[in-house]
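Some notes on the structure that comes next.
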Amino acid sequence: MNEIVVKSRAQRLVGLATGFGALHVAHTGLNLAFTLVQLLVLARGLDQSRYAEIVFLTAVGFYVQPIDQAIGRANYMALRPRSLGVAGGGPGGEVFRFLGAQAALLTVLSFLIPAWFGLDDPVRYLGNALYLFGCLFTAYWSFDLQSTVWSADLGRQFAFISIIRRLLFIAALGLFWTTDSFLLFGVATTVIVIAFMAVLASMLRGSAIWGLRSAPVTRGGIVAHWKRFWASLVFALSELFVLNSPYAVVTVLLGVGPALVMFDSVMKVCRLAMAGTRTLAEIFLPRISRQLLGGEMPQARRGLFLVIALCVAASAVPALAVLLFGQEIFDLLLGQNNVVPAAATPVAALIVLISGFYQPATLFLSYLNAARLIRRVAQFAFAGAAVYVLLVWASGADPVALLWIYAVFFASVSLISIICSARIEPWDSGRDG
């Protein structure tokens, strides 16, 4: 009897360690580690001029990301009811058409945008192009493909191959560090991106998703999916304005230089914290979506606010670290490229803390078919971004003042998002447009 109990407990522990939640946390941890290590390596391995170019190219990835998010969320909203047997029929080949069109767009942008820095040095151009290719297709993997795979409850398998993929990206950074060749780093990450597209296709061959490749594409299906995509894109664009508009403002007012690096450094720490809180929210997404599809509103709302509270508590840890040890943290991250003044430390900590409110509220709104509430948050974000730009311009473009103004803007959008989350309705596949 004791042996049976021990074996049963061991099986449960193995199940927990290899389940979706554990693997997704492990994958997110590796993503955080990669982001941190890449920052350390590139900030020390590139001169200031080249590093500023890389900051710009990274920011380009942020601006394209709303399309990736919109496609992934639209696919999730279309496929999730079908995977749970709540709604019959569902989308056809249009899901793969949207994925294919985005992959083509990202490839073109990868080689077009770096030409802005000039083509006089082919090695420098190609290194930048392949770096941007890796950035753009990492977002494609994390949003377009991941959300699509999640809809069919294949998150565990996807997380497993994503862990291997990320480990190889970290190894590619080691290749750059040892060879000092940024082009070789770009070639390595490009090979990894292409190879794992093939691995994912092989994994999906036996799934219901794979069958959609050959499903007929109808005009009605395209229109229905476009409505899902458009609602998701509007919300994703509002997220772009909230999280990335300062990049454009700083670039226009102060150019590609120290001020841009300062804001990027603060937002890198913020994004590291948001990656953790997003992972916490994503782990509960399947359960809450089931509750909404089943009409279990009290349980869904209670779960949503518990997750928000958990995310705020989690973001408080890095916020406190930045408040107490801000200069040491930015020195560690940026080395000789650290241009973050001590006066920016309190507002940087505040921005990190606010992200704990913003991330889970907006994630649940964007995935849970709340088109009406999404529009309200988006309208507020667009209007708030316009006010933010005016205030920054009026302040004389002081970098630290810019951060304080941004913190107020960020907090306001977070508050509206939480209020809208409290008003989320039961999932109704008939109103996803």
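Residues in the structure tokens are named by chain (A, B, ... in the order shown) and by number from 1 within that chain; ligands are numbered from 1 in the order shown.
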
Distance query Ala259 in chain A at most 8 Å, only C-alpha atoms, self and fewer than 2 positions along chain excluded, as a PDB file with C-alpha atoms, in the first residue's frame:
```
ATOM      1  CA  VAL A 250      12.179  60.556 -27.889  1.00  0.00           C
ATOM      2  CA  LEU A 254      16.067  64.082 -29.196  1.00  0.00           C
ATOM      3  CA  VAL A 256      18.813  58.266 -31.725  1.00  0.00           C
ATOM      4  CA  GLY A 257      21.130  58.761 -28.771  1.00  0.00           C
ATOM      5  CA  VAL A 261      18.905  54.442 -24.608  1.00  0.00           C
ATOM      6  CA  MET A 262      17.763  55.729 -21.185  1.00  0.00           C
ATOM      7  CA  PHE A 263      14.092  55.166 -21.896  1.00  0.00           C
ATOM      8  CA  VAL A 339      23.191  56.707 -19.344  1.00  0.00           C
ATOM      9  CA  PRO A 399      14.307  62.910 -20.199  1.00  0.00           C
TER      10      PRO A 399
END
```

Neighbours of Gly29 in chain A within 12 Å (only C-alpha atoms; same-chain residues fewer than 3 positions away dropped), as an mmCIF file with N, CA, C and O atoms, in the first residue's frame?
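Resulting contents of result19.cif:
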```cif
data_model
loop_
_atom_site.group_PDB
_atom_site.id
_atom_site.type_symbol
_atom_site.label_atom_id
_atom_site.label_comp_id
_atom_site.auth_asym_id
_atom_site.auth_seq_id
_atom_site.Cartn_x
_atom_site.Cartn_y
_atom_site.Cartn_z
ATOM 1 N N ALA A 22 4.268 24.488 -15.458
ATOM 2 C CA ALA A 22 5.696 24.425 -15.130
ATOM 3 C C ALA A 22 6.562 24.699 -16.353
ATOM 4 O O ALA A 22 7.546 25.453 -16.283
ATOM 5 N N LEU A 23 6.201 24.101 -17.494
ATOM 6 C CA LEU A 23 6.997 24.302 -18.709
ATOM 7 C C LEU A 23 6.885 25.742 -19.203
ATOM 8 O O LEU A 23 7.864 26.320 -19.695
ATOM 9 N N HIS A 24 5.699 26.319 -19.077
ATOM 10 C CA HIS A 24 5.527 27.704 -19.516
ATOM 11 C C HIS A 24 6.331 28.656 -18.632
ATOM 12 O O HIS A 24 6.940 29.616 -19.129
ATOM 13 N N VAL A 25 6.342 28.390 -17.332
ATOM 14 C CA VAL A 25 7.171 29.200 -16.431
ATOM 15 C C VAL A 25 8.651 29.038 -16.779
ATOM 16 O O VAL A 25 9.413 30.020 -16.810
ATOM 17 N N ALA A 26 9.067 27.807 -17.046
ATOM 18 C CA ALA A 26 10.464 27.564 -17.404
ATOM 19 C C ALA A 26 10.829 28.291 -18.696
ATOM 20 O O ALA A 26 11.905 28.893 -18.809
ATOM 21 N N LEU A 32 13.420 35.490 -20.101
ATOM 22 C CA LEU A 32 13.965 36.557 -19.268
ATOM 23 C C LEU A 32 15.488 36.485 -19.227
ATOM 24 O O LEU A 32 16.181 37.507 -19.324
ATOM 25 N N ALA A 33 16.009 35.269 -19.065
ATOM 26 C CA ALA A 33 17.457 35.089 -19.022
ATOM 27 C C ALA A 33 18.093 35.515 -20.338
ATOM 28 O O ALA A 33 19.131 36.197 -20.355
ATOM 29 N N PHE A 34 17.459 35.155 -21.444
ATOM 30 C CA PHE A 34 18.001 35.531 -22.752
ATOM 31 C C PHE A 34 17.993 37.040 -22.928
ATOM 32 O O PHE A 34 18.974 37.633 -23.394
ATOM 33 N N THR A 35 16.874 37.683 -22.555
ATOM 34 C CA THR A 35 16.790 39.137 -22.675
ATOM 35 C C THR A 35 17.877 39.811 -21.856
ATOM 36 O O THR A 35 18.540 40.761 -22.317
ATOM 37 N N LEU A 36 18.078 39.315 -20.647
ATOM 38 C CA LEU A 36 19.106 39.885 -19.767
ATOM 39 C C LEU A 36 20.503 39.642 -20.324
ATOM 40 O O LEU A 36 21.320 40.567 -20.418
ATOM 41 N N ALA A 159 5.450 24.627 -25.354
ATOM 42 C CA ALA A 159 6.402 25.133 -24.369
ATOM 43 C C ALA A 159 7.680 24.301 -24.363
ATOM 44 O O ALA A 159 8.782 24.844 -24.218
ATOM 45 N N SER A 162 9.760 25.174 -27.319
ATOM 46 C CA SER A 162 10.188 26.568 -27.167
ATOM 47 C C SER A 162 11.374 26.672 -26.211
ATOM 48 O O SER A 162 12.247 27.537 -26.383
ATOM 49 N N ILE A 163 11.398 25.817 -25.194
ATOM 50 C CA ILE A 163 12.534 25.799 -24.262
ATOM 51 C C ILE A 163 13.821 25.439 -25.007
ATOM 52 O O ILE A 163 14.860 26.098 -24.844
ATOM 53 N N ARG A 166 14.885 28.366 -27.226
ATOM 54 C CA ARG A 166 15.491 29.479 -26.510
ATOM 55 C C ARG A 166 16.901 29.151 -26.029
ATOM 56 O O ARG A 166 17.788 30.012 -26.023
ATOM 57 N N LEU A 167 17.132 27.911 -25.615
ATOM 58 C CA LEU A 167 18.477 27.511 -25.218
ATOM 59 C C LEU A 167 19.461 27.676 -26.365
ATOM 60 O O LEU A 167 20.618 28.082 -26.169
ATOM 61 N N LEU A 272 10.831 43.003 -18.577
ATOM 62 C CA LEU A 272 11.231 41.785 -17.880
ATOM 63 C C LEU A 272 10.194 41.443 -16.808
ATOM 64 O O LEU A 272 9.783 40.285 -16.662
ATOM 65 N N ALA A 273 9.756 42.463 -16.057
ATOM 66 C CA ALA A 273 8.730 42.231 -15.041
ATOM 67 C C ALA A 273 7.419 41.823 -15.683
ATOM 68 O O ALA A 273 6.719 40.915 -15.195
ATOM 69 N N MET A 274 7.057 42.454 -16.792
ATOM 70 C CA MET A 274 5.805 42.139 -17.473
ATOM 71 C C MET A 274 5.819 40.731 -18.065
ATOM 72 O O MET A 274 4.776 40.080 -18.146
ATOM 73 N N ALA A 275 6.988 40.274 -18.475
ATOM 74 C CA ALA A 275 7.076 38.902 -18.980
ATOM 75 C C ALA A 275 6.688 37.904 -17.897
ATOM 76 O O ALA A 275 5.999 36.909 -18.147
ATOM 77 N N GLY A 276 7.121 38.188 -16.659
ATOM 78 C CA GLY A 276 6.756 37.306 -15.552
ATOM 79 C C GLY A 276 5.277 37.363 -15.224
ATOM 80 O O GLY A 276 4.626 36.330 -15.038
ATOM 81 N N THR A 277 4.713 38.579 -15.154
ATOM 82 C CA THR A 277 3.288 38.697 -14.815
ATOM 83 C C THR A 277 2.408 38.185 -15.951
ATOM 84 O O THR A 277 1.339 37.631 -15.708
ATOM 85 N N ARG A 278 2.863 38.372 -17.196
ATOM 86 C CA ARG A 278 2.092 37.825 -18.315
ATOM 87 C C ARG A 278 2.040 36.297 -18.240
ATOM 88 O O ARG A 278 1.001 35.688 -18.506
ATOM 89 N N THR A 279 3.147 35.698 -17.853
ATOM 90 C CA THR A 279 3.172 34.240 -17.734
ATOM 91 C C THR A 279 2.187 33.759 -16.674
ATOM 92 O O THR A 279 1.465 32.779 -16.880
ATOM 93 N N LEU A 280 2.151 34.449 -15.536
ATOM 94 C CA LEU A 280 1.185 34.080 -14.495
ATOM 95 C C LEU A 280 -0.240 34.150 -15.034
ATOM 96 O O LEU A 280 -1.058 33.251 -14.795
#
```

Picked from range 123-262 of chain A by DSSP as alpha helix (DSSP H), as a PyMOL selection string: chain A and resi 123-139+146-150+155-179+182-204+208-211+219-254+258-262

Hey, can you check how far CA of Arg50 in chain A sits from CA of Leu243 in chain A?
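Rounded to one decimal, the two atoms are 23.8 Å apart.
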
The distance between CA of Ser417 in chain A and CA of Thr362 in chain A is 6.1 Å

Close residues, Arg213 in chain A itself excluded, 12 Å, only C-alpha atoms, min 2 positions apart in chain, as an mmCIF file with N, CA, C and O atoms, in the first residue's frame:
```
data_model
loop_
_atom_site.group_PDB
_atom_site.id
_atom_site.type_symbol
_atom_site.label_atom_id
_atom_site.label_comp_id
_atom_site.auth_asym_id
_atom_site.auth_seq_id
_atom_site.Cartn_x
_atom_site.Cartn_y
_atom_site.Cartn_z
ATOM 1 N N PRO A 91 -13.538 28.358 -38.081
ATOM 2 C CA PRO A 91 -12.824 28.910 -39.210
ATOM 3 C C PRO A 91 -12.221 27.829 -40.098
ATOM 4 O O PRO A 91 -12.075 26.678 -39.688
ATOM 5 N N GLY A 92 -11.879 28.197 -41.290
ATOM 6 C CA GLY A 92 -11.240 27.265 -42.199
ATOM 7 C C GLY A 92 -9.825 27.702 -42.496
ATOM 8 O O GLY A 92 -9.067 28.083 -41.602
ATOM 9 N N GLY A 93 -9.472 27.695 -43.777
ATOM 10 C CA GLY A 93 -8.099 27.984 -44.168
ATOM 11 C C GLY A 93 -7.674 29.403 -43.934
ATOM 12 O O GLY A 93 -6.473 29.707 -44.024
ATOM 13 N N GLU A 94 -8.602 30.313 -43.629
ATOM 14 C CA GLU A 94 -8.221 31.710 -43.417
ATOM 15 C C GLU A 94 -7.252 31.880 -42.255
ATOM 16 O O GLU A 94 -6.462 32.827 -42.238
ATOM 17 N N VAL A 95 -7.284 30.987 -41.274
ATOM 18 C CA VAL A 95 -6.344 31.073 -40.153
ATOM 19 C C VAL A 95 -4.913 30.967 -40.665
ATOM 20 O O VAL A 95 -4.036 31.766 -40.309
ATOM 21 N N PHE A 96 -4.654 29.997 -41.537
ATOM 22 C CA PHE A 96 -3.312 29.828 -42.079
ATOM 23 C C PHE A 96 -2.974 30.916 -43.087
ATOM 24 O O PHE A 96 -1.806 31.280 -43.248
ATOM 25 N N ARG A 97 -3.959 31.462 -43.775
ATOM 26 C CA ARG A 97 -3.703 32.553 -44.725
ATOM 27 C C ARG A 97 -3.182 33.782 -43.979
ATOM 28 O O ARG A 97 -2.246 34.450 -44.441
ATOM 29 N N PHE A 98 -3.783 34.092 -42.845
ATOM 30 C CA PHE A 98 -3.322 35.225 -42.055
ATOM 31 C C PHE A 98 -1.901 34.981 -41.545
ATOM 32 O O PHE A 98 -1.063 35.889 -41.564
ATOM 33 N N LEU A 99 -1.629 33.774 -41.081
ATOM 34 C CA LEU A 99 -0.289 33.444 -40.596
ATOM 35 C C LEU A 99 0.746 33.558 -41.711
ATOM 36 O O LEU A 99 1.844 34.096 -41.514
ATOM 37 N N GLY A 100 0.405 33.062 -42.905
ATOM 38 C CA GLY A 100 1.331 33.120 -44.030
ATOM 39 C C GLY A 100 1.612 34.539 -44.495
ATOM 40 O O GLY A 100 2.753 34.900 -44.808
ATOM 41 N N ALA A 201 5.889 22.491 -37.393
ATOM 42 C CA ALA A 201 5.018 21.893 -38.413
ATOM 43 C C ALA A 201 4.925 20.390 -38.229
ATOM 44 O O ALA A 201 3.842 19.799 -38.345
ATOM 45 N N LEU A 204 2.623 19.541 -35.290
ATOM 46 C CA LEU A 204 1.202 19.809 -35.505
ATOM 47 C C LEU A 204 0.547 18.885 -36.515
ATOM 48 O O LEU A 204 -0.673 18.944 -36.703
ATOM 49 N N ARG A 205 1.308 18.041 -37.166
ATOM 50 C CA ARG A 205 0.759 17.248 -38.265
ATOM 51 C C ARG A 205 -0.424 16.371 -37.836
ATOM 52 O O ARG A 205 -1.337 16.140 -38.619
ATOM 53 N N SER A 207 -2.557 17.116 -35.415
ATOM 54 C CA SER A 207 -3.545 17.889 -34.659
ATOM 55 C C SER A 207 -4.659 18.401 -35.559
ATOM 56 O O SER A 207 -4.547 18.405 -36.793
ATOM 57 N N ALA A 208 -5.730 18.867 -34.917
ATOM 58 C CA ALA A 208 -6.849 19.435 -35.668
ATOM 59 C C ALA A 208 -6.439 20.726 -36.367
ATOM 60 O O ALA A 208 -6.978 21.059 -37.439
ATOM 61 N N ILE A 209 -5.490 21.465 -35.783
ATOM 62 C CA ILE A 209 -5.039 22.709 -36.392
ATOM 63 C C ILE A 209 -4.436 22.453 -37.761
ATOM 64 O O ILE A 209 -4.663 23.209 -38.714
ATOM 65 N N TRP A 210 -3.652 21.388 -37.875
ATOM 66 C CA TRP A 210 -2.983 21.105 -39.142
ATOM 67 C C TRP A 210 -3.986 20.881 -40.268
ATOM 68 O O TRP A 210 -3.746 21.233 -41.419
ATOM 69 N N GLY A 211 -5.124 20.320 -39.929
ATOM 70 C CA GLY A 211 -6.143 20.078 -40.944
ATOM 71 C C GLY A 211 -6.704 21.350 -41.553
ATOM 72 O O GLY A 211 -7.257 21.327 -42.663
ATOM 73 N N ALA A 215 -8.323 23.347 -45.428
ATOM 74 C CA ALA A 215 -9.746 23.697 -45.327
ATOM 75 C C ALA A 215 -10.078 24.794 -46.340
ATOM 76 O O ALA A 215 -9.235 25.634 -46.656
ATOM 77 N N PRO A 216 -11.299 24.790 -46.875
ATOM 78 C CA PRO A 216 -11.674 25.813 -47.860
ATOM 79 C C PRO A 216 -11.691 27.210 -47.251
ATOM 80 O O PRO A 216 -12.012 27.385 -46.082
ATOM 81 N N VAL A 217 -11.318 28.179 -48.061
ATOM 82 C CA VAL A 217 -11.351 29.578 -47.647
ATOM 83 C C VAL A 217 -12.547 30.246 -48.305
ATOM 84 O O VAL A 217 -12.628 30.325 -49.528
#
```

- Do you know which residues are at most 10 Å from range 330-338 of chain A counting only C-alpha atoms, after dropping those on the same chain fewer than 3 positions away, and could you put them as a list of chain:residue names?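 Residues near the query, excluding close chain neighbours: A:Leu36, A:Val37, A:Gln38, A:Leu39, A:Leu40, A:Val41, A:Leu42, A:Ala43, A:Arg44, A:Leu46, A:Asp47, A:Gln48, A:Tyr51, A:Ala52, A:Pro258, A:Val261, A:Met262, A:Ser265, A:Val266, A:Lys268, A:Val269, A:Val322, A:Phe325, A:Gly326, A:Gln327, A:Pro341, A:Ala342, A:Thr345.
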
Handout entry: Distance query Leu168 in chain A at most 12 Å, only C-alpha atoms, self and fewer than 2 positions along chain excluded, as an MDAnalysis selection string
Key = chainID A and resid 30:31 34 161:166 170:175 185 188:193 195:196

Dump of C-alpha atoms for the selected residues, as a PDB file, in the first residue's frame:
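Writing done, so here's out12.pdb:
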```pdb
ATOM      1  CA  LEU A  30      14.617  31.330 -20.194  1.00  0.00           C
ATOM      2  CA  ASN A  31      13.159  34.242 -22.161  1.00  0.00           C
ATOM      3  CA  PHE A  34      18.001  35.531 -22.752  1.00  0.00           C
ATOM      4  CA  ILE A 161      10.070  22.843 -28.002  1.00  0.00           C
ATOM      5  CA  SER A 162      10.188  26.568 -27.167  1.00  0.00           C
ATOM      6  CA  ILE A 163      12.534  25.799 -24.262  1.00  0.00           C
ATOM      7  CA  ILE A 164      14.939  24.018 -26.611  1.00  0.00           C
ATOM      8  CA  ARG A 165      14.649  26.858 -29.119  1.00  0.00           C
ATOM      9  CA  ARG A 166      15.491  29.479 -26.510  1.00  0.00           C
ATOM     10  CA  ILE A 170      21.380  31.684 -25.723  1.00  0.00           C
ATOM     11  CA  ALA A 171      24.105  29.524 -27.279  1.00  0.00           C
ATOM     12  CA  ALA A 172      24.101  31.876 -30.293  1.00  0.00           C
ATOM     13  CA  LEU A 173      24.857  34.774 -27.935  1.00  0.00           C
ATOM     14  CA  GLY A 174      27.823  32.784 -26.680  1.00  0.00           C
ATOM     15  CA  LEU A 175      28.944  32.455 -30.291  1.00  0.00           C
ATOM     16  CA  PHE A 185      25.237  35.721 -34.484  1.00  0.00           C
ATOM     17  CA  ALA A 188      22.913  31.406 -36.210  1.00  0.00           C
ATOM     18  CA  THR A 189      19.609  32.886 -35.004  1.00  0.00           C
ATOM     19  CA  THR A 190      18.192  32.769 -38.554  1.00  0.00           C
ATOM     20  CA  VAL A 191      19.010  29.071 -38.850  1.00  0.00           C
ATOM     21  CA  ILE A 192      17.333  28.430 -35.485  1.00  0.00           C
ATOM     22  CA  VAL A 193      14.189  30.332 -36.518  1.00  0.00           C
ATOM     23  CA  ALA A 195      14.642  25.007 -38.221  1.00  0.00           C
ATOM     24  CA  PHE A 196      12.050  25.346 -35.462  1.00  0.00           C
TER      25      PHE A 196
END
```

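The nearest approach to Pro346 in chain A among the residues A:Ala407, A:Val307, A:Leu391, A:Leu285, with only C-alpha atoms taken into account, belongs to A:Ala407.
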
For this session: Name the residues in contact with Ser414 in chain A at a cut-off of 10 Å, using only C-alpha atoms, excluding same-chain residues fewer than 6 positions from it; report them as a ChimeraX atom specification.
Result: /A:242,354-362,377,381,408,420

Pick from A:Leu136, A:Ala152, A:Leu350, A:Ala104, whichever lies nearest to Val312 in chain A using only C-alpha atoms
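Once distances to Val312 in chain A are computed over only C-alpha atoms, the minimum belongs to A:Leu350.
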
Counting only C-alpha atoms, the residue among A:Ser412, A:Ser421, A:Ser181, A:Gln157 that lies closest to Gly19 in chain A is A:Gln157

_For Pro246 in chain A, find every residue with an atom within 9 Å (counting only C-alpha atoms), except residues of its own chain fewer than 5 positions away, and show them as JSON, numbers by chain._
{"A": [241, 251, 260, 263, 388, 389, 402, 403, 406]}

Store the residues of this selection in a file with all heavy atoms, as a tab-separated table (two decimals), in the first residue's frame.
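Below you can see again-v2.tsv, which holds the result:
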```tsv
chain	number	residue	atom	x	y	z
A	241	PHE	N	0.71	52.13	-28.33
A	241	PHE	CA	0.76	53.53	-27.91
A	241	PHE	C	1.17	53.62	-26.43
A	241	PHE	O	1.95	54.49	-26.05
A	241	PHE	CB	-0.59	54.21	-28.12
A	241	PHE	CG	-0.76	54.79	-29.49
A	241	PHE	CD1	-1.08	53.99	-30.57
A	241	PHE	CD2	-0.58	56.14	-29.71
A	241	PHE	CE1	-1.23	54.51	-31.84
A	241	PHE	CE2	-0.72	56.69	-30.97
A	241	PHE	CZ	-1.05	55.87	-32.05
A	251	THR	N	12.75	59.78	-30.12
A	251	THR	CA	13.51	59.79	-31.37
A	251	THR	C	13.27	61.09	-32.13
A	251	THR	O	14.20	61.70	-32.66
A	251	THR	CB	13.13	58.59	-32.24
A	251	THR	OG1	13.39	57.38	-31.52
A	251	THR	CG2	13.94	58.57	-33.52
A	260	LEU	N	17.23	58.09	-25.84
A	260	LEU	CA	16.52	56.89	-26.30
A	260	LEU	C	17.03	55.66	-25.54
A	260	LEU	O	16.24	54.80	-25.14
A	260	LEU	CB	16.73	56.71	-27.81
A	260	LEU	CG	16.07	55.47	-28.43
A	260	LEU	CD1	14.55	55.53	-28.29
A	260	LEU	CD2	16.47	55.33	-29.90
A	263	PHE	N	15.46	55.65	-21.96
A	263	PHE	CA	14.09	55.17	-21.90
A	263	PHE	C	14.03	53.67	-22.20
A	263	PHE	O	13.31	52.92	-21.54
A	263	PHE	CB	13.19	55.93	-22.87
A	263	PHE	CG	11.75	55.53	-22.76
A	263	PHE	CD1	10.94	56.07	-21.77
A	263	PHE	CD2	11.21	54.57	-23.60
A	263	PHE	CE1	9.62	55.67	-21.63
A	263	PHE	CE2	9.90	54.17	-23.47
A	263	PHE	CZ	9.09	54.72	-22.49
A	388	TYR	N	-0.26	62.77	-23.70
A	388	TYR	CA	1.12	62.51	-23.27
A	388	TYR	C	2.12	63.24	-24.17
A	388	TYR	O	3.06	63.89	-23.69
A	388	TYR	CB	1.37	61.00	-23.30
A	388	TYR	CG	2.82	60.61	-23.30
A	388	TYR	CD1	3.59	60.71	-22.14
A	388	TYR	CD2	3.43	60.16	-24.47
A	388	TYR	CE1	4.93	60.37	-22.15
A	388	TYR	CE2	4.77	59.82	-24.48
A	388	TYR	CZ	5.52	59.92	-23.32
A	388	TYR	OH	6.84	59.59	-23.34
A	389	VAL	N	1.91	63.16	-25.49
A	389	VAL	CA	2.82	63.82	-26.43
A	389	VAL	C	2.82	65.34	-26.20
A	389	VAL	O	3.87	65.98	-26.19
A	389	VAL	CB	2.42	63.49	-27.88
A	389	VAL	CG1	3.24	64.32	-28.87
A	389	VAL	CG2	2.64	62.01	-28.16
A	402	LEU	N	10.02	63.29	-18.83
A	402	LEU	CA	9.32	62.43	-19.78
A	402	LEU	C	8.87	61.13	-19.11
A	402	LEU	O	7.76	60.65	-19.33
A	402	LEU	CB	10.23	62.13	-20.97
A	402	LEU	CG	9.72	61.26	-22.13
A	402	LEU	CD1	10.42	61.66	-23.42
A	402	LEU	CD2	9.96	59.78	-21.87
A	403	LEU	N	9.74	60.56	-18.27
A	403	LEU	CA	9.40	59.31	-17.57
A	403	LEU	C	8.26	59.52	-16.58
A	403	LEU	O	7.38	58.66	-16.46
A	403	LEU	CB	10.64	58.77	-16.86
A	403	LEU	CG	11.72	58.14	-17.75
A	403	LEU	CD1	12.94	57.77	-16.90
A	403	LEU	CD2	11.20	56.92	-18.47
A	406	TYR	N	5.09	59.81	-18.43
A	406	TYR	CA	4.71	58.48	-18.92
A	406	TYR	C	4.10	57.63	-17.80
A	406	TYR	O	3.14	56.89	-18.03
A	406	TYR	CB	5.94	57.77	-19.50
A	406	TYR	CG	5.62	56.34	-19.92
A	406	TYR	CD1	4.87	56.09	-21.07
A	406	TYR	CD2	6.03	55.27	-19.14
A	406	TYR	CE1	4.56	54.79	-21.44
A	406	TYR	CE2	5.72	53.97	-19.51
A	406	TYR	CZ	4.98	53.74	-20.65
A	406	TYR	OH	4.66	52.46	-21.01
```

- Task: Please measure the separation of CA of Val340 in chain A and CA of Gly61 in chain A, giving the value in Å to one decimal.
- Result: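 Computing the Euclidean distance for CA of Val340 in chain A and CA of Gly61 in chain A yields 22.7 Å.
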
In terms of only C-alpha atoms, the residue from A:Leu119, A:Val249, A:Ala314, A:Ala59 at minimal distance from Ala386 in chain A is A:Val249

Counting only C-alpha atoms, the residue among A:Phe410, A:Gly295, A:Arg376, A:Thr148 that lies closest to Leu212 in chain A is A:Thr148
